[in-house]
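These notes concern the structure reproduced below.
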Number of protein chains: 2
Amino acid sequence: MAAGNAPTRPVPLREVAHWDLEADVVIVGYGSAGASAAIEAAAAGASVLILEVASGSGGTSAMAGGDIYLGGGGGTPAQRRAGFEDRTEDFQRYMMLAGGPDADAERVRLYADSALDHFRWLTEQGIPYRDTYLPGKRMAPGTGDCLIWSGSEDAWPFNVEARPCPRGHLPEVVGEMGGRVLVETLARRAEALGARPYFDARASALVADEAGAVHGVAAQIDGEWRRVRARGGVILCAGGFVLNADMLRRYAPQVARLADDPLSAGYDDGSGIRMAQGVGAAAIHMDELFTTLPFYPPESHVKGILVNERGQRFINEDAYPGRVAIHCLRQVGDRIYLLVDDAIFEQPTELSRIEIAAVGGSWEEIERELGMVEGTLVSTVAVHNRHAARGEDPLFHKTAKWLKSLDEPPFAALACHIGQAYYPFFTLGGLHTRPTGEVLGVDDAVIAGLYAAGRTACGLPRSAEGYSSGMSLGDCTFFGRLAGRSAAGAAPGG
Amino acid sequence: MAAGNAPTRPVPLREVAHWDLEADVVIVGYGSAGASAAIEAAAAGASVLILEVASGSGGTSAMAGGDIYLGGGGGTPAQRRAGFEDRTEDFQRYMMLAGGPDADAERVRLYADSALDHFRWLTEQGIPYRDTYLPGKRMAPGTGDCLIWSGSEDAWPFNVEARPCPRGHLPEVVGEMGGRVLVETLARRAEALGARPYFDARASALVADEAGAVHGVAAQIDGEWRRVRARGGVILCAGGFVLNADMLRRYAPQVARLADDPLSAGYDDGSGIRMAQGVGAAAIHMDELFTTLPFYPPESHVKGILVNERGQRFINEDAYPGRVAIHCLRQVGDRIYLLVDDAIFEQPTELSRIEIAAVGGSWEEIERELGMVEGTLVSTVAVHNRHAARGEDPLFHKTAKWLKSLDEPPFAALACHIGQAYYPFFTLGGLHTRPTGEVLGVDDAVIAGLYAAGRTACGLPRSAEGYSSGMSLGDCTFFGRLAGRSAAGAAPGG
C-alpha cells in the first residue's frame, strides 16, 4: 500500500523555465471520469492530453460491472419498455436519501434532470445497450441485459420514501466486465476526437503560481521528468485513496476491521487528492467508505436472515448489500451469520469467502453448534418464521417477495465474518467540488485552473448507507463530462 | 448557532502598521486549557496575555463536573489510599483503547508517564483534593469526595484488556460544579503569576507573515479593533465547534438525530479551528462527536437493560454512558428503552428527560404496550434473567455486580429516545498538534508561532466509544501546560 497523507506541494510556476508538453486541458487519470472529461473537452474544440500512470486506459472503473445509475423523466428506453415510469421526483428523492445527511442537493438535481440526456450521450459514444430488463437480485449478471435493480429502491425505508424503480443500466457485454467495455469505448471516442493519452505517466505535482492558480502538472513520463502546461485547466480523475494506508488510518480507521480487499485497479493512492490539497483544496467526507458483502448470488440467499454473534437480526436483508455490509460493521463483534434452510441453500460463490459454519436438523442444533446462548438464535428464527409465513416482517420491513419461513431442514449458518469474508471496499471522500468540477479551496473559493471528477472528488455517492451500484460510474461519467467542458471553456478561445 | 465552516484568512503581517498590545505569549480562550497554558508560560518568565470572548474565565470547562483522568505509577494518593495500585501499563493500555483506532501513542505515553506529576501540579496550583474514594457508579456526585469510577474501566471489553482502576479525580467542591472551581483556581494562579486577561475580547484572525508564520492576533476588545503581538506564540484554547451548525453539517452530520443539547458555555463556535486552518493547519477526526446518555443516577438503573425498538439488547449497560450512547445511535430507529423492575426503579432525574413509556405486571404486557412484536422483548428479558440470576451475562459481559434478574413486578420501560431524551454532545475533532501543542499544517510541518490545546485540538479523547469522564479536562490541563511552556520557550530570551 502507498504511504503518506500529507498534501503534495506544487511546483512554483516561476521555477518552470519551459513546458515540455502543452494542451488546453490536461487530464490526470484515464478511467471513466477522465475519458468522459476528455471527450467533452475535445468535442468543445480543446486540445486534450491525458496522463495515465498505468499502461492502458481503464482505471478502477474497468473492474466494475459497468452499470450506470439512470432514470427519471418518465424513464429510459429500458425502463419504459419494462413498464416502469420513473418520475424525476422519485429518482431525485432516492438520490438525496442515498447521499446521506450531507447529500449535495444541487448536484443531485442536476443529475436527476439530465440523466436521460446522459444515457443518450453514452449511447452516442458507442456504448452498446439493449432495452432488456432482468428482474430479481443481480450483481453484474454478465448476460448482456440492460436494466437491473442495483440498489435499495424496493427495500425499506427507501420504498416508502420514493416510488421504487430499477435504475442500474448495464452495457451489452457478455463474458467480460461491463466497466472495461465502458471505459474502452469512451477512451476510443476520446482519442478519435483527438485526445492524446500518455501511458506510464505519473503526475507528481501541480504547477501553481503564487496566487494558487494551477497552470499545469509535473509528471514522469516513461521515466522522464516533464512539465505539462494546461492552458484551460488540469482535471484530476486519479481515483480515490483506498491503497494509501496512511490516509486510511487518518481518515477512515474503521477499515482496520476488514480483510485486505481494497477495490482498486492498483493506483488509488490518493495522489490526486493530495496534489490538490497542496494548492489549498478542501477534501470532504473523508471518513465515508463504501463496502459491500456479496452474500448473493445465489439470489435465494436474500431469503435467508443475517444475525450477529448474539443471534440477533439487524437489517432487512433485501437492502443493497453495501447497506447490509455497513450494518454488519455496526454490530459488536466480527461474527456475522447468514441463516438458510434446505430450500434456499446453494453453495456461496468462491469470491465471497463465505463458509459453512454449522449445519443441523433444528435451529436449536445450529444455536448450540455456533456456541450461542440458548434461546437467542432460536427465538430470532421463531419470530422471523412466524411472520414470514404470513408474508410480513414487522421488525425490519423486508418486502414480502423475499420473505420465507426458514423451516425446511437441514438448516445452515454461513459465516460472513468481518475480517474473513469478502468485504471489498473503496473510498467515497474526496475533493470538494462544484458540479462543474471546479475544485473548492478550504476557504470555499474556486481554485483557478483546477477541476476534479470521479473518486478523486466527493460526488453523488458520499454515504455508504445509501450507495447503490452504478452511482459511482454515473457520477464519474456525468460529472467527468461537466469538468471537461468547464476546463475547455476556460482555455484561451474556449 | 454560529455559521460558516470556511477557514478564517489571516491578517497579513505587512498590513499591521503598529501593535496595540504585546506579550510573549498570547492565549485565545480562558477555560482550563488556556489557564493552564497561562500558568506555565508565566512561570517560565514569559509575559502572558489572554483574550477571552466571555466576560469571565471558565469556558466550557466550568460546566463540567471537574474530574480529571489520572493514574499510573502505582497510583495517586487517593488511589493508593483506596487500595488501588494503578500500574502505568494498565493506565496506558486503557488510554490507548479509549483513543480508538487512531489513538496518539506518543501523547498517551507522555500523559501516562506524567499523570502523577500532573496531579501534584494541580494540587500546587491550589486545587483542593481530598483523598477519599466513592465507590459505585457516579456522575459529578457533588459530595467533595475525590476518586470515582469515571469510565468503562471495569466494563467489558476494557476490563479484560487492562486491570481496572478508578481514575476520575474530583476537586473538593460541594454545591457547585467542580469544573468551575478548577478553572477559577487556575485562573487566579495565572493572574497571580502576572498573566493579563482581557475579557469581552473576540479574536477574529491570526496575523501571519508570507511564509505562514504566526505573529499575533487581530481581536475586538470591548468593541475596539486591536492588533495583538505574540513574540513567542499564539495558543488557541478556544474550545470546539459544537455551536457551529455549518461545521457540524460538514463534519459530523450524525448530530442531526440528536435533540439540540450541545454541551457548551456559549462560545464553541469553531473559530479557533478556523483561524488555524486559515494559515494551513490540519484538522483531524472532525467526525468524532462525544455524546452521553445519563440514564443514571439512580445508580440502580445500571442494573436495568437497554433495548432498541425491536426489543433487542445491544450493549453492556455498565459501560460508561458515553459508550452506551454511541451504541444507542448505532441502532436502527430512535426508540431506546431502559427496562427496570420494581426493585431497581427510581424516578429518573429531570435533567435526563427520560420518561416512563410503559408499566405492566408482566413483560408480555410491556411488550404489548410498547407495540413490539410478540415474543421479542419477552425473549430478550427471559434470556437476560436466566443468566443474570446466576451472575452471568454471556451476551454482553456486564460485570456480575450490575446483573439482576428483572423479575419483581411491576415492570417499566423508560423512554431514552434519541432526539427526545437528554444526549448532550460536544466535538472531539480539532487541530492536529504535536504533544508540545505545536500546530501541524496539512503538510505535517509545524506552523511557526502557533499552538493549540483543549478542544480546539484533537487530543487524548478522539473516539466517542472510548471516552471516559475526566479525559477532556486531563487533556486540556496537561497539554495546555505543555503548549504554554512551548510558546514561552519560543519567545525571545525564552
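A note on labels: chains of the C-alpha cells are A, B, ... as shown, every chain counts residues from 1, and ligands are counted from 1 in their shown order.
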
Legend entry - Surrounding residues of Ala487 in chain A excluding itself and chain neighbours under 6 positions, 8 Å, only C-alpha atoms, as a VMD selection string: chain A and resid 24 to 25 41 232 to 235 449 451

Only C-alpha atoms, please: the residues just picked out, written as a JSON list (two decimals), in the first residue's frame.
[["chain", "number", "residue", "atom", "x", "y", "z"],
["A", 24, "ASP", "CA", -5.77, 23.28, -23.38],
["A", 25, "VAL", "CA", -6.90, 20.58, -21.00],
["A", 41, "ALA", "CA", -13.24, 18.84, -23.76],
["A", 232, "GLY", "CA", -7.50, 25.85, -19.65],
["A", 233, "GLY", "CA", -7.17, 23.61, -16.67],
["A", 234, "VAL", "CA", -5.97, 20.42, -15.07],
["A", 235, "ILE", "CA", -8.68, 17.82, -14.35],
["A", 449, "GLY", "CA", -7.30, 26.12, -13.29],
["A", 451, "TYR", "CA", -11.01, 20.55, -11.74]]

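Near Ala445 in chain B, within a cut-off of 12 Å and counting only C-alpha atoms, sit the residues Ala6, Pro7 and Arg9 of chain A; Gly212, Ala213, Val279, Gly280, Ala281, Ala282, His432, Thr433, Arg434, Glu438 and Val439 of chain B, with same-chain residues fewer than 6 positions away left out.
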
Inset, instruction - Just the residues within 9 Å of Leu258 in chain B, please, counting only C-alpha atoms, with nothing from its chain fewer than 4 positions along; format it as a PyMOL selection string. - result: chain B and resi 254+329+418-425

Inset, instruction - Write down, as a ChimeraX atom specification, each residue of chain B that has any atom within 10 Å of an atom of chain A, counting only C-alpha atoms. - result: /B:5-9,100-102,249-257,274,277-278,280,282,284-287,309-315,327,330-332,372-376,378-380,382-383,387,393-396,441-445

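The nearest approach to Glu89 in chain A among the residues A:Glu465, A:Gly31, A:Pro164, A:Ala62, with only C-alpha atoms taken into account, belongs to A:Pro164.
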
Inset, instruction - Can you work out which one of A:Ala453, A:Val181, A:Cys416, A:Val242 has the shortest atom-to-atom distance to Ser36 in chain A, counting only C-alpha atoms? - result: A:Ala453

Legend entry - 9 Å contact set for range 336-346 of chain A, only C-alpha atoms, chain neighbours under 5 positions out, as a VMD selection string: chain A and resid 295 298 to 309 311 328 331 357 381 405 to 418

Write a file of the selected residues as an mmCIF file, in the first residue's frame, keeping N, CA and C atoms.
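As written to disk, selection.cif reads:
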data_model
loop_
_atom_site.group_PDB
_atom_site.id
_atom_site.type_symbol
_atom_site.label_atom_id
_atom_site.label_comp_id
_atom_site.auth_asym_id
_atom_site.auth_seq_id
_atom_site.Cartn_x
_atom_site.Cartn_y
_atom_site.Cartn_z
ATOM 1 N N PHE A 295 -23.320 -11.489 -0.395
ATOM 2 C CA PHE A 295 -23.875 -12.764 0.122
ATOM 3 C C PHE A 295 -24.846 -13.380 -0.884
ATOM 4 N N PRO A 298 -25.991 -16.821 -4.689
ATOM 5 C CA PRO A 298 -27.310 -17.127 -5.243
ATOM 6 C C PRO A 298 -28.399 -16.203 -4.697
ATOM 7 N N GLU A 299 -29.275 -15.803 -5.576
ATOM 8 C CA GLU A 299 -30.364 -14.905 -5.232
ATOM 9 C C GLU A 299 -31.219 -15.439 -4.092
ATOM 10 N N SER A 300 -31.359 -16.744 -4.011
ATOM 11 C CA SER A 300 -32.211 -17.341 -2.973
ATOM 12 C C SER A 300 -31.733 -16.961 -1.570
ATOM 13 N N HIS A 301 -30.437 -16.630 -1.453
ATOM 14 C CA HIS A 301 -29.910 -16.300 -0.121
ATOM 15 C C HIS A 301 -30.464 -14.994 0.434
ATOM 16 N N VAL A 302 -31.043 -14.166 -0.440
ATOM 17 C CA VAL A 302 -31.698 -12.956 0.055
ATOM 18 C C VAL A 302 -32.854 -13.344 0.981
ATOM 19 N N LYS A 303 -33.380 -14.536 0.788
ATOM 20 C CA LYS A 303 -34.469 -15.023 1.661
ATOM 21 C C LYS A 303 -33.956 -15.526 3.011
ATOM 22 N N GLY A 304 -32.651 -15.657 3.151
ATOM 23 C CA GLY A 304 -32.093 -16.018 4.447
ATOM 24 C C GLY A 304 -32.139 -14.813 5.380
ATOM 25 N N ILE A 305 -31.741 -15.019 6.623
ATOM 26 C CA ILE A 305 -31.659 -13.872 7.530
ATOM 27 C C ILE A 305 -30.254 -13.781 8.111
ATOM 28 N N LEU A 306 -29.811 -12.553 8.276
ATOM 29 C CA LEU A 306 -28.481 -12.293 8.830
ATOM 30 C C LEU A 306 -28.598 -12.039 10.319
ATOM 31 N N VAL A 307 -27.693 -12.645 11.086
ATOM 32 C CA VAL A 307 -27.666 -12.400 12.534
ATOM 33 C C VAL A 307 -26.236 -12.109 12.978
ATOM 34 N N ASN A 308 -26.120 -11.364 14.063
ATOM 35 C CA ASN A 308 -24.793 -11.126 14.641
ATOM 36 C C ASN A 308 -24.436 -12.270 15.590
ATOM 37 N N GLU A 309 -23.304 -12.142 16.264
ATOM 38 C CA GLU A 309 -22.845 -13.280 17.060
ATOM 39 C C GLU A 309 -23.685 -13.520 18.304
ATOM 40 N N GLY A 311 -26.915 -13.783 17.848
ATOM 41 C CA GLY A 311 -28.130 -14.367 17.281
ATOM 42 C C GLY A 311 -29.206 -13.346 16.960
ATOM 43 N N CYS A 328 -23.567 -4.655 9.124
ATOM 44 C CA CYS A 328 -22.716 -5.711 9.705
ATOM 45 C C CYS A 328 -21.603 -5.070 10.537
ATOM 46 N N GLN A 331 -22.326 -3.937 14.119
ATOM 47 C CA GLN A 331 -22.545 -4.914 15.182
ATOM 48 C C GLN A 331 -21.308 -5.002 16.075
ATOM 49 N N ALA A 357 -20.637 -22.569 8.521
ATOM 50 C CA ALA A 357 -20.172 -22.600 9.908
ATOM 51 C C ALA A 357 -20.869 -23.681 10.717
ATOM 52 N N VAL A 381 -35.196 -16.808 15.045
ATOM 53 C CA VAL A 381 -35.740 -17.537 13.898
ATOM 54 C C VAL A 381 -37.242 -17.767 14.078
ATOM 55 N N SER A 405 -40.335 -18.521 5.503
ATOM 56 C CA SER A 405 -40.140 -19.189 6.782
ATOM 57 C C SER A 405 -39.011 -20.208 6.602
ATOM 58 N N LEU A 406 -37.986 -20.098 7.447
ATOM 59 C CA LEU A 406 -36.823 -20.993 7.308
ATOM 60 C C LEU A 406 -37.119 -22.259 8.109
ATOM 61 N N ASP A 407 -37.908 -23.136 7.497
ATOM 62 C CA ASP A 407 -38.428 -24.269 8.260
ATOM 63 C C ASP A 407 -38.228 -25.611 7.558
ATOM 64 N N GLU A 408 -37.366 -25.630 6.536
ATOM 65 C CA GLU A 408 -37.144 -26.885 5.826
ATOM 66 C C GLU A 408 -35.743 -27.416 6.106
ATOM 67 N N PRO A 409 -35.602 -28.348 7.045
ATOM 68 C CA PRO A 409 -34.281 -28.842 7.410
ATOM 69 C C PRO A 409 -33.668 -29.659 6.278
ATOM 70 N N PRO A 410 -32.343 -29.824 6.253
ATOM 71 C CA PRO A 410 -31.404 -29.287 7.245
ATOM 72 C C PRO A 410 -31.208 -27.780 7.110
ATOM 73 N N PHE A 411 -30.791 -27.193 8.240
ATOM 74 C CA PHE A 411 -30.532 -25.767 8.290
ATOM 75 C C PHE A 411 -29.018 -25.526 8.294
ATOM 76 N N ALA A 412 -28.630 -24.321 7.905
ATOM 77 C CA ALA A 412 -27.202 -23.996 7.936
ATOM 78 C C ALA A 412 -26.986 -22.539 8.327
ATOM 79 N N ALA A 413 -25.834 -22.292 8.936
ATOM 80 C CA ALA A 413 -25.371 -20.930 9.221
ATOM 81 C C ALA A 413 -24.116 -20.718 8.396
ATOM 82 N N LEU A 414 -24.133 -19.680 7.557
ATOM 83 C CA LEU A 414 -22.981 -19.392 6.702
ATOM 84 C C LEU A 414 -22.209 -18.223 7.310
ATOM 85 N N ALA A 415 -20.914 -18.407 7.441
ATOM 86 C CA ALA A 415 -20.080 -17.393 8.098
ATOM 87 C C ALA A 415 -19.765 -16.255 7.132
ATOM 88 N N CYS A 416 -20.252 -15.056 7.471
ATOM 89 C CA CYS A 416 -19.977 -13.838 6.684
ATOM 90 C C CYS A 416 -19.114 -12.902 7.531
ATOM 91 N N HIS A 417 -18.151 -13.474 8.213
ATOM 92 C CA HIS A 417 -17.453 -12.726 9.253
ATOM 93 C C HIS A 417 -16.629 -11.564 8.705
ATOM 94 N N ILE A 418 -16.672 -10.481 9.439
ATOM 95 C CA ILE A 418 -15.849 -9.314 9.136
ATOM 96 C C ILE A 418 -14.388 -9.697 9.365
#

Inset, instruction - Excluding Thr60 in chain B and any residue of its chain fewer than 5 positions from it, enumerate the residues within 9 Å of it, using only C-alpha atoms, and give them as a PyMOL selection string. - result: chain B and resi 31-32+179+239+263-268

Inset, instruction - Please run DSSP on the backbone and report, as a PyMOL selection string, all residues within range 119-290 of chain B that come out as strand (DSSP E). - result: chain B and resi 133-137+147-149+168-169+196-198+201-208+214-221+224-236+283-284+289-290

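Using only C-alpha atoms, the residues found no farther than 9 Å from Gly126 in chain A, other than those of its own chain fewer than 5 positions away, are Trp121, Leu182, Thr185, Leu186 and Arg189 of chain A.
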
Since we have the selection now, will you write its residues out, keeping C-alpha atoms, as a short mmCIF file (atom, residue, chain, number, x, y, z; two decimals), in the first residue's frame?
data_model
loop_
_atom_site.label_atom_id
_atom_site.label_comp_id
_atom_site.auth_asym_id
_atom_site.auth_seq_id
_atom_site.Cartn_x
_atom_site.Cartn_y
_atom_site.Cartn_z
CA TRP A 121 -24.85 10.62 -24.74
CA LEU A 182 -17.48 1.17 -20.94
CA THR A 185 -15.40 2.66 -25.65
CA LEU A 186 -15.15 6.11 -24.08
CA ARG A 189 -14.05 8.01 -28.66
#

Inset, instruction - Please return as number ranges by chain: the residues of range 221-470 of chain A that backbone DSSP assigns to helix (DSSP H, G or I). - result: A: 245-251, 253-257, 271-277, 299-303, 321-330, 363-369, 376-388, 400-402, 454-456

Legend entry - All residues 7 Å or closer to Leu134 in chain A, only C-alpha atoms, same chain fewer than 6 positions away omitted, as number ranges by chain: A: 145, 147-148

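For the atom pair formed by CA of Ile356 in chain B and CA of Arg323 in chain B, the distance is 22.9 Å, given to one decimal.
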
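Across the model, the gap from CA of Phe479 in chain A to CA of Arg107 in chain A is 9.0 Å.
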
Legend entry - Nearest-residue call for Phe158 in chain B, choices B:Ala98, B:Ala358, B:Ala452, B:Ala483, using only C-alpha atoms: B:Ala98
